[in-house]
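Chemist: What follows is the file entry-v1.json, containing JSON, C-alpha atoms:
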```json
[["chain", "number", "residue", "atom", "x", "y", "z"],
["A", 1, "GLN", "CA", -1.85, 28.31, -11.65],
["A", 2, "GLU", "CA", -3.53, 31.42, -10.28],
["A", 3, "LEU", "CA", -4.81, 29.46, -7.27],
["A", 4, "GLY", "CA", -1.52, 27.65, -6.74],
["A", 5, "ARG", "CA", -3.07, 24.23, -7.31],
["A", 6, "LYS", "CA", -1.98, 21.44, -9.55],
["A", 7, "VAL", "CA", -4.75, 19.99, -11.72],
["A", 8, "GLU", "CA", -4.26, 16.58, -13.30],
["A", 9, "CYS", "CA", -6.20, 15.14, -16.19],
["A", 10, "LEU", "CA", -6.93, 11.49, -16.92],
["A", 11, "GLY", "CA", -7.59, 10.42, -20.49],
["A", 12, "ASP", "CA", -8.68, 7.14, -22.03],
["A", 13, "LEU", "CA", -6.66, 6.44, -25.16],
["A", 14, "GLN", "CA", -8.10, 4.25, -27.89],
["A", 15, "GLY", "CA", -5.14, 1.95, -28.54],
["A", 16, "PRO", "CA", -4.83, -0.27, -31.62],
["A", 17, "LYS", "CA", -8.08, -1.21, -33.36],
["A", 18, "PHE", "CA", -8.57, -4.41, -35.28],
["A", 19, "ARG", "CA", -11.32, -4.36, -37.88],
["A", 20, "VAL", "CA", -12.43, -6.33, -40.91],
["A", 21, "GLY", "CA", -12.22, -4.42, -44.18],
["A", 22, "GLU", "CA", -14.74, -3.28, -46.75],
["A", 23, "LEU", "CA", -17.38, -5.41, -48.45],
["A", 24, "ALA", "CA", -17.32, -6.26, -52.14],
["A", 25, "ALA", "CA", -21.16, -6.21, -52.11],
["A", 26, "ASP", "CA", -23.86, -6.83, -49.48],
["A", 27, "PRO", "CA", -23.07, -8.14, -45.99],
["A", 28, "ILE", "CA", -22.12, -11.82, -46.11],
["A", 29, "GLU", "CA", -23.69, -14.63, -44.14],
["A", 30, "LEU", "CA", -21.20, -16.62, -42.08],
["A", 31, "LYS", "CA", -22.67, -20.10, -41.57],
["A", 32, "ASN", "CA", -21.57, -22.45, -38.80],
["A", 33, "GLY", "CA", -19.10, -25.00, -40.16],
["A", 34, "ASP", "CA", -18.06, -22.96, -43.22],
["A", 35, "VAL", "CA", -14.31, -22.78, -43.88],
["A", 36, "LEU", "CA", -13.09, -19.40, -45.16],
["A", 37, "GLU", "CA", -9.94, -17.49, -45.99],
["A", 38, "PHE", "CA", -9.12, -14.73, -43.49],
["A", 39, "GLY", "CA", -6.28, -12.42, -44.42],
["A", 40, "ILE", "CA", -4.75, -9.07, -45.19],
["A", 41, "CYS", "CA", -6.05, -7.32, -48.34],
["A", 42, "LYS", "CA", -3.79, -8.10, -51.30],
["A", 43, "ASP", "CA", -4.86, -4.91, -53.14],
["A", 44, "ASP", "CA", -7.63, -2.28, -53.13],
["A", 45, "ASN", "CA", -10.07, -4.70, -54.80],
["A", 46, "ASP", "CA", -9.56, -7.52, -52.28],
["A", 47, "ASN", "CA", -12.70, -6.90, -50.24],
["A", 48, "ILE", "CA", -14.84, -9.15, -48.04],
["A", 49, "ARG", "CA", -16.89, -11.58, -50.13],
["A", 50, "GLU", "CA", -18.29, -15.10, -49.88],
["A", 51, "GLY", "CA", -15.46, -17.37, -48.75],
["A", 52, "ARG", "CA", -13.04, -14.55, -47.80],
["A", 53, "ILE", "CA", -12.74, -12.08, -44.93],
["A", 54, "THR", "CA", -10.13, -9.36, -45.29],
["A", 55, "MET", "CA", -8.48, -6.71, -43.14],
["A", 56, "LYS", "CA", -6.66, -3.56, -44.27],
["A", 57, "PRO", "CA", -2.86, -3.87, -44.28],
["A", 58, "THR", "CA", -2.02, -1.83, -41.14],
["A", 59, "ILE", "CA", 0.98, -2.67, -38.96],
["A", 60, "GLU", "CA", -1.34, -3.72, -36.14],
["A", 61, "GLN", "CA", -3.56, -5.93, -38.29],
["A", 62, "LYS", "CA", -0.58, -7.61, -39.95],
["A", 63, "ALA", "CA", 0.73, -8.35, -36.43],
["A", 64, "LEU", "CA", -2.63, -9.88, -35.47],
["A", 65, "ILE", "CA", -2.61, -12.28, -38.43],
["A", 66, "ALA", "CA", 1.09, -13.09, -37.93],
["A", 67, "ALA", "CA", 0.46, -13.97, -34.25],
["A", 68, "SER", "CA", -2.56, -16.18, -34.98],
["A", 69, "LYS", "CA", -2.13, -19.96, -34.82],
["A", 70, "PRO", "CA", -4.35, -22.98, -35.40],
["A", 71, "GLY", "CA", -6.76, -23.47, -32.51],
["A", 72, "ILE", "CA", -7.25, -19.84, -31.53],
["A", 73, "ASP", "CA", -10.57, -18.01, -31.82],
["A", 74, "LEU", "CA", -11.17, -14.70, -33.55],
["A", 75, "LEU", "CA", -14.24, -12.85, -32.28],
["A", 76, "LEU", "CA", -16.04, -10.62, -34.76],
["A", 77, "GLU", "CA", -18.38, -7.72, -34.02],
["A", 78, "ASP", "CA", -18.01, -7.75, -30.22],
["A", 79, "GLY", "CA", -18.13, -11.54, -30.09],
["A", 80, "ILE", "CA", -21.44, -11.91, -31.93],
["A", 81, "MET", "CA", -19.62, -14.11, -34.45],
["A", 82, "LYS", "CA", -16.67, -16.43, -33.84],
["A", 83, "VAL", "CA", -14.25, -18.18, -36.18],
["A", 84, "ASN", "CA", -11.51, -20.63, -35.25],
["A", 85, "VAL", "CA", -8.13, -20.75, -37.00],
["A", 86, "VAL", "CA", -7.72, -24.17, -38.60],
["A", 87, "GLU", "CA", -4.60, -23.46, -40.66],
["A", 88, "LYS", "CA", -1.99, -20.73, -40.96],
["A", 89, "LEU", "CA", -1.19, -20.36, -44.66],
["A", 90, "SER", "CA", 1.33, -17.50, -44.19],
["A", 91, "ASP", "CA", 1.98, -14.47, -41.99],
["A", 92, "THR", "CA", -0.83, -12.69, -43.85],
["A", 93, "GLU", "CA", -3.32, -15.51, -44.55],
["A", 94, "LEU", "CA", -5.34, -17.90, -42.39],
["A", 95, "LYS", "CA", -7.92, -20.59, -43.00],
["A", 96, "VAL", "CA", -10.76, -20.29, -40.45],
["A", 97, "LYS", "CA", -13.88, -22.27, -39.59],
["A", 98, "VAL", "CA", -17.07, -20.48, -38.54],
["A", 99, "VAL", "CA", -18.04, -21.53, -35.00],
["A", 100, "ARG", "CA", -20.79, -18.96, -34.42],
["A", 101, "GLY", "CA", -22.17, -17.39, -37.56],
["A", 102, "GLY", "CA", -24.06, -14.25, -38.43],
["A", 103, "LYS", "CA", -24.24, -11.48, -40.99],
["A", 104, "LEU", "CA", -20.82, -9.82, -41.38],
["A", 105, "LYS", "CA", -20.78, -6.13, -42.27],
["A", 106, "ALA", "CA", -17.89, -3.84, -43.17],
["A", 107, "ARG", "CA", -15.45, -2.42, -40.60],
["A", 108, "LYS", "CA", -16.64, -4.57, -37.68],
["A", 109, "GLY", "CA", -14.24, -5.19, -34.80],
["A", 110, "VAL", "CA", -11.98, -8.23, -34.45],
["A", 111, "ASN", "CA", -10.91, -9.36, -30.99],
["A", 112, "VAL", "CA", -8.38, -12.09, -30.23],
["A", 113, "PRO", "CA", -8.48, -12.68, -26.47],
["A", 114, "ASP", "CA", -5.97, -15.56, -26.36],
["A", 115, "VAL", "CA", -3.18, -14.05, -28.46],
["A", 116, "GLU", "CA", -0.33, -11.74, -27.53],
["A", 117, "ILE", "CA", 0.03, -9.40, -30.49],
["A", 118, "ASP", "CA", 3.46, -7.92, -31.22],
["A", 119, "CYS", "CA", 2.51, -4.31, -31.79],
["A", 120, "ALA", "CA", 2.72, -1.08, -29.84],
["A", 121, "ALA", "CA", -0.05, -0.46, -27.30],
["A", 122, "LEU", "CA", 0.03, 3.22, -28.26],
["A", 123, "THR", "CA", -0.74, 4.19, -31.84],
["A", 124, "ALA", "CA", 0.38, 7.40, -33.52],
["A", 125, "LYS", "CA", -3.15, 8.72, -32.97],
["A", 126, "ASP", "CA", -2.93, 7.89, -29.24],
["A", 127, "ILE", "CA", 0.30, 9.90, -28.93],
["A", 128, "GLU", "CA", -1.30, 12.80, -30.76],
["A", 129, "ASP", "CA", -4.39, 12.59, -28.51],
["A", 130, "ALA", "CA", -2.23, 12.45, -25.35],
["A", 131, "GLU", "CA", -0.33, 15.57, -26.38],
["A", 132, "PHE", "CA", -3.64, 17.44, -26.52]]
```
As structure tokens, please, write out the structure in this file.

Modeler:
Amino acid sequence: QELGRKVECLGDLQGPKFRVGELAADPIELKNGDVLEFGICKDDNDNIREGRITMKPTIEQKALIAASKPGIDLLLEDGIMKVNVVEKLSDTELKVKVVRGGKLKARKGVNVPDVEIDCAALTAKDIEDAEF
């Protein structure tokens, strides 16, 4: 203001994050061809284990599962692993088949490139960050 110039700032906001939940034990091996459950945690003890991948029940993650349909791919851990939706059991539960396996660890990212997810592009954290 002292120099009479306007200074603008550009920020990169995080946006919604999609992540698998916590592990019940050690990382699990996803093997090509395996069919697994993939869904929203039913309670605090519903963690990732053999035969089941879970996500925490956030608004964004519920929207991701609700928007998923048979035939779409879910990419895990930056695309290192890939599963394909074979059946939609409900708006919170899917049946998926492992296309590209690997060792799944807790809190790894989930990306769904072919699905339009019905959730806000700005999260509460993004709004807070932008106000900074």

Chemist: Give as a list in words the set of residues within 12 Å of the point (-0.2, -1.7, -37.7), where distances use the file's coordinates and only C-alpha atoms.

Modeler: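 The answer, in the requested form, is Gly15, Pro16, Lys17, Phe18, Arg19, Ile40, Met55, Lys56, Pro57, Thr58, Ile59, Glu60, Gln61, Lys62, Ala63, Leu64, Ile65, Ala66, Ile117, Asp118, Cys119, Ala120, Ala121, Leu122, Thr123, Ala124 and Lys125 of chain A.
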
Chemist: With C-alpha atoms retained, could you export that selection as a tab-separated table (two decimals), in the coordinates of the input?

Modeler:
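File selection.tsv, as written:
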```
chain	number	residue	atom	x	y	z
A	15	GLY	CA	-5.14	1.95	-28.54
A	16	PRO	CA	-4.83	-0.27	-31.62
A	17	LYS	CA	-8.08	-1.21	-33.36
A	18	PHE	CA	-8.57	-4.41	-35.28
A	19	ARG	CA	-11.32	-4.36	-37.88
A	40	ILE	CA	-4.75	-9.07	-45.19
A	55	MET	CA	-8.48	-6.71	-43.14
A	56	LYS	CA	-6.66	-3.56	-44.27
A	57	PRO	CA	-2.86	-3.87	-44.28
A	58	THR	CA	-2.02	-1.83	-41.14
A	59	ILE	CA	0.98	-2.67	-38.96
A	60	GLU	CA	-1.34	-3.72	-36.14
A	61	GLN	CA	-3.56	-5.93	-38.29
A	62	LYS	CA	-0.58	-7.61	-39.95
A	63	ALA	CA	0.73	-8.35	-36.43
A	64	LEU	CA	-2.63	-9.88	-35.47
A	65	ILE	CA	-2.61	-12.28	-38.43
A	66	ALA	CA	1.09	-13.09	-37.93
A	117	ILE	CA	0.03	-9.40	-30.49
A	118	ASP	CA	3.46	-7.92	-31.22
A	119	CYS	CA	2.51	-4.31	-31.79
A	120	ALA	CA	2.72	-1.08	-29.84
A	121	ALA	CA	-0.05	-0.46	-27.30
A	122	LEU	CA	0.03	3.22	-28.26
A	123	THR	CA	-0.74	4.19	-31.84
A	124	ALA	CA	0.38	7.40	-33.52
A	125	LYS	CA	-3.15	8.72	-32.97
```

Chemist: Hey, which of A:Glu93, A:Glu50, A:Glu131, A:Asp12 ends up closest to Ala67 (chain A)? Count all atoms listed in the file.

Modeler: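 Closest candidate: A:Glu93.
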
Chemist: Between A:Arg5, A:Ser68, A:Asp126, A:Leu30, which residue has the minimum interatomic distance to Arg52 (chain A), considering only C-alpha atoms?

Modeler: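 Comparing A:Arg5, A:Ser68, A:Asp126, A:Leu30 against Arg52 (chain A), the winner is A:Leu30.
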
Chemist: I need the residue nearest Phe38 (chain A) from this list: A:Val112, A:Leu94, A:Leu76, A:Val99. Use all atoms listed in the file for the distance.

Modeler: A:Leu94

Chemist: Do you know which residues are at most 9 Å from region 20-28 of chain A counting all atoms listed in the file, after dropping those on the same chain fewer than 4 positions away, and could you put them as a list in words?

Modeler: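 Surrounding residues, per the criterion: Ile40, Cys41, Asn45, Asp46, Asn47, Ile48, Arg49, Glu50, Ile53, Thr54, Met55, Lys56, Leu76, Gly102, Lys103, Leu104, Lys105, Ala106, Arg107, Lys108, Gly109 and Val110 of chain A.
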
Chemist: Calculate how many Å separate CA of Leu36 (chain A) from CA of Gly51 (chain A), rounding to one decimal.

Modeler: 4.8 Å

Chemist: Grab the CA of Val115 (chain A) to CA of Asn84 (chain A) distance for me, in Å with one decimal place.

Modeler: 12.6 Å

Chemist: CA of Glu77 (chain A) and CA of Asp43 (chain A) are how many Å apart?

Modeler: 23.6 Å

Chemist: Padding 4 Å on every side, please: axis-aligned box over the listed atoms of region 25-32 of chain A, centre and edge lengths to one decimal in Å, as JSON.

Modeler:
```
{"center_x": -22.5, "center_y": -14.3, "center_z": -45.5, "size_x": 10.7, "size_y": 24.2, "size_z": 21.3}
```

Chemist: Between A:Glu2, A:Asp34, A:Asp91, A:Asp114, single out the one closest to Asp73 (chain A), counting all atoms listed in the file.

Modeler: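 Under the stated criterion, the closest residue is A:Asp114.
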
Chemist: Taking all atoms listed in the file into account, name the residue in A:Ser90, A:Lys82, A:Asn111, A:Cys9 that is nearest to Lys69 (chain A).

Modeler: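 Of A:Ser90, A:Lys82, A:Asn111, A:Cys9, the one nearest Lys69 (chain A) is A:Ser90, counting all atoms listed in the file.
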
Chemist: Taking all heavy atoms as the atom set, what does region 45-56 of chain A look like once completed, written as a JSON list (two decimals), in the coordinates of the input?

Modeler:
```
[["chain", "number", "residue", "atom", "x", "y", "z"],
["A", 45, "ASN", "N", -8.86, -3.98, -54.37],
["A", 45, "ASN", "CA", -10.07, -4.70, -54.80],
["A", 45, "ASN", "C", -10.32, -5.99, -54.01],
["A", 45, "ASN", "O", -11.29, -6.68, -54.25],
["A", 45, "ASN", "CB", -9.98, -5.04, -56.29],
["A", 45, "ASN", "CG", -9.94, -3.79, -57.13],
["A", 45, "ASN", "OD1", -10.68, -2.85, -56.90],
["A", 45, "ASN", "ND2", -9.05, -3.76, -58.12],
["A", 46, "ASP", "N", -9.43, -6.30, -53.07],
["A", 46, "ASP", "CA", -9.56, -7.52, -52.28],
["A", 46, "ASP", "C", -10.43, -7.25, -51.06],
["A", 46, "ASP", "O", -9.95, -7.07, -49.95],
["A", 46, "ASP", "CB", -8.17, -8.02, -51.87],
["A", 46, "ASP", "CG", -8.21, -9.39, -51.21],
["A", 46, "ASP", "OD1", -9.24, -10.08, -51.33],
["A", 46, "ASP", "OD2", -7.21, -9.76, -50.57],
["A", 47, "ASN", "N", -11.73, -7.20, -51.29],
["A", 47, "ASN", "CA", -12.70, -6.90, -50.24],
["A", 47, "ASN", "C", -13.37, -8.17, -49.73],
["A", 47, "ASN", "O", -13.26, -9.24, -50.33],
["A", 47, "ASN", "CB", -13.75, -5.92, -50.76],
["A", 47, "ASN", "CG", -13.15, -4.56, -51.07],
["A", 47, "ASN", "OD1", -12.34, -4.05, -50.31],
["A", 47, "ASN", "ND2", -13.53, -3.98, -52.19],
["A", 48, "ILE", "N", -14.11, -8.02, -48.62],
["A", 48, "ILE", "CA", -14.84, -9.15, -48.04],
["A", 48, "ILE", "C", -15.88, -9.64, -49.05],
["A", 48, "ILE", "O", -16.63, -8.85, -49.62],
["A", 48, "ILE", "CB", -15.54, -8.72, -46.74],
["A", 48, "ILE", "CG1", -14.49, -8.28, -45.71],
["A", 48, "ILE", "CG2", -16.39, -9.85, -46.19],
["A", 48, "ILE", "CD1", -15.09, -7.60, -44.50],
["A", 49, "ARG", "N", -15.91, -10.97, -49.22],
["A", 49, "ARG", "CA", -16.89, -11.58, -50.13],
["A", 49, "ARG", "C", -17.13, -13.00, -49.64],
["A", 49, "ARG", "O", -16.47, -13.46, -48.69],
["A", 49, "ARG", "CB", -16.36, -11.58, -51.56],
["A", 49, "ARG", "CG", -15.04, -12.31, -51.74],
["A", 49, "ARG", "CD", -14.45, -12.12, -53.13],
["A", 49, "ARG", "NE", -13.19, -12.77, -53.30],
["A", 49, "ARG", "CZ", -12.01, -12.29, -52.92],
["A", 49, "ARG", "NH1", -11.94, -11.12, -52.33],
["A", 49, "ARG", "NH2", -10.90, -12.96, -53.13],
["A", 50, "GLU", "N", -18.04, -13.71, -50.26],
["A", 50, "GLU", "CA", -18.29, -15.10, -49.88],
["A", 50, "GLU", "C", -16.98, -15.87, -49.90],
["A", 50, "GLU", "O", -16.23, -15.82, -50.88],
["A", 50, "GLU", "CB", -19.28, -15.76, -50.85],
["A", 50, "GLU", "CG", -20.70, -15.23, -50.76],
["A", 50, "GLU", "CD", -21.41, -15.58, -49.47],
["A", 50, "GLU", "OE1", -21.11, -16.64, -48.87],
["A", 50, "GLU", "OE2", -22.24, -14.78, -49.03],
["A", 51, "GLY", "N", -16.66, -16.55, -48.81],
["A", 51, "GLY", "CA", -15.46, -17.37, -48.75],
["A", 51, "GLY", "C", -14.20, -16.65, -48.34],
["A", 51, "GLY", "O", -13.15, -17.27, -48.18],
["A", 52, "ARG", "N", -14.26, -15.31, -48.15],
["A", 52, "ARG", "CA", -13.04, -14.55, -47.80],
["A", 52, "ARG", "C", -13.38, -13.34, -46.94],
["A", 52, "ARG", "O", -14.23, -12.54, -47.29],
["A", 52, "ARG", "CB", -12.31, -14.09, -49.05],
["A", 52, "ARG", "CG", -11.03, -13.33, -48.74],
["A", 52, "ARG", "CD", -10.07, -13.35, -49.91],
["A", 52, "ARG", "NE", -8.92, -12.49, -49.72],
["A", 52, "ARG", "CZ", -7.86, -12.81, -48.96],
["A", 52, "ARG", "NH1", -7.82, -13.94, -48.32],
["A", 52, "ARG", "NH2", -6.84, -11.96, -48.85],
["A", 53, "ILE", "N", -12.66, -13.25, -45.80],
["A", 53, "ILE", "CA", -12.74, -12.08, -44.93],
["A", 53, "ILE", "C", -11.38, -11.40, -44.99],
["A", 53, "ILE", "O", -10.35, -12.06, -44.88],
["A", 53, "ILE", "CB", -13.06, -12.49, -43.48],
["A", 53, "ILE", "CG1", -14.40, -13.21, -43.40],
["A", 53, "ILE", "CG2", -13.04, -11.26, -42.56],
["A", 53, "ILE", "CD1", -14.70, -13.83, -42.05],
["A", 54, "THR", "N", -11.39, -10.09, -45.18],
["A", 54, "THR", "CA", -10.13, -9.36, -45.29],
["A", 54, "THR", "C", -10.04, -8.25, -44.25],
["A", 54, "THR", "O", -11.04, -7.80, -43.70],
["A", 54, "THR", "CB", -9.96, -8.74, -46.69],
["A", 54, "THR", "OG1", -11.07, -7.88, -46.95],
["A", 54, "THR", "CG2", -9.88, -9.80, -47.76],
["A", 55, "MET", "N", -8.79, -7.84, -44.01],
["A", 55, "MET", "CA", -8.48, -6.71, -43.14],
["A", 55, "MET", "C", -7.52, -5.80, -43.89],
["A", 55, "MET", "O", -6.70, -6.27, -44.69],
["A", 55, "MET", "CB", -7.80, -7.18, -41.85],
["A", 55, "MET", "CG", -8.64, -8.15, -41.03],
["A", 55, "MET", "SD", -7.73, -8.77, -39.58],
["A", 55, "MET", "CE", -7.98, -7.41, -38.46],
["A", 56, "LYS", "N", -7.59, -4.49, -43.63],
["A", 56, "LYS", "CA", -6.66, -3.56, -44.27],
["A", 56, "LYS", "C", -5.24, -3.83, -43.77],
["A", 56, "LYS", "O", -5.04, -4.27, -42.65],
["A", 56, "LYS", "CB", -7.07, -2.12, -43.96],
["A", 56, "LYS", "CG", -8.35, -1.73, -44.65],
["A", 56, "LYS", "CD", -8.64, -0.27, -44.48],
["A", 56, "LYS", "CE", -9.90, 0.05, -45.27],
["A", 56, "LYS", "NZ", -10.19, 1.47, -45.28]]
```
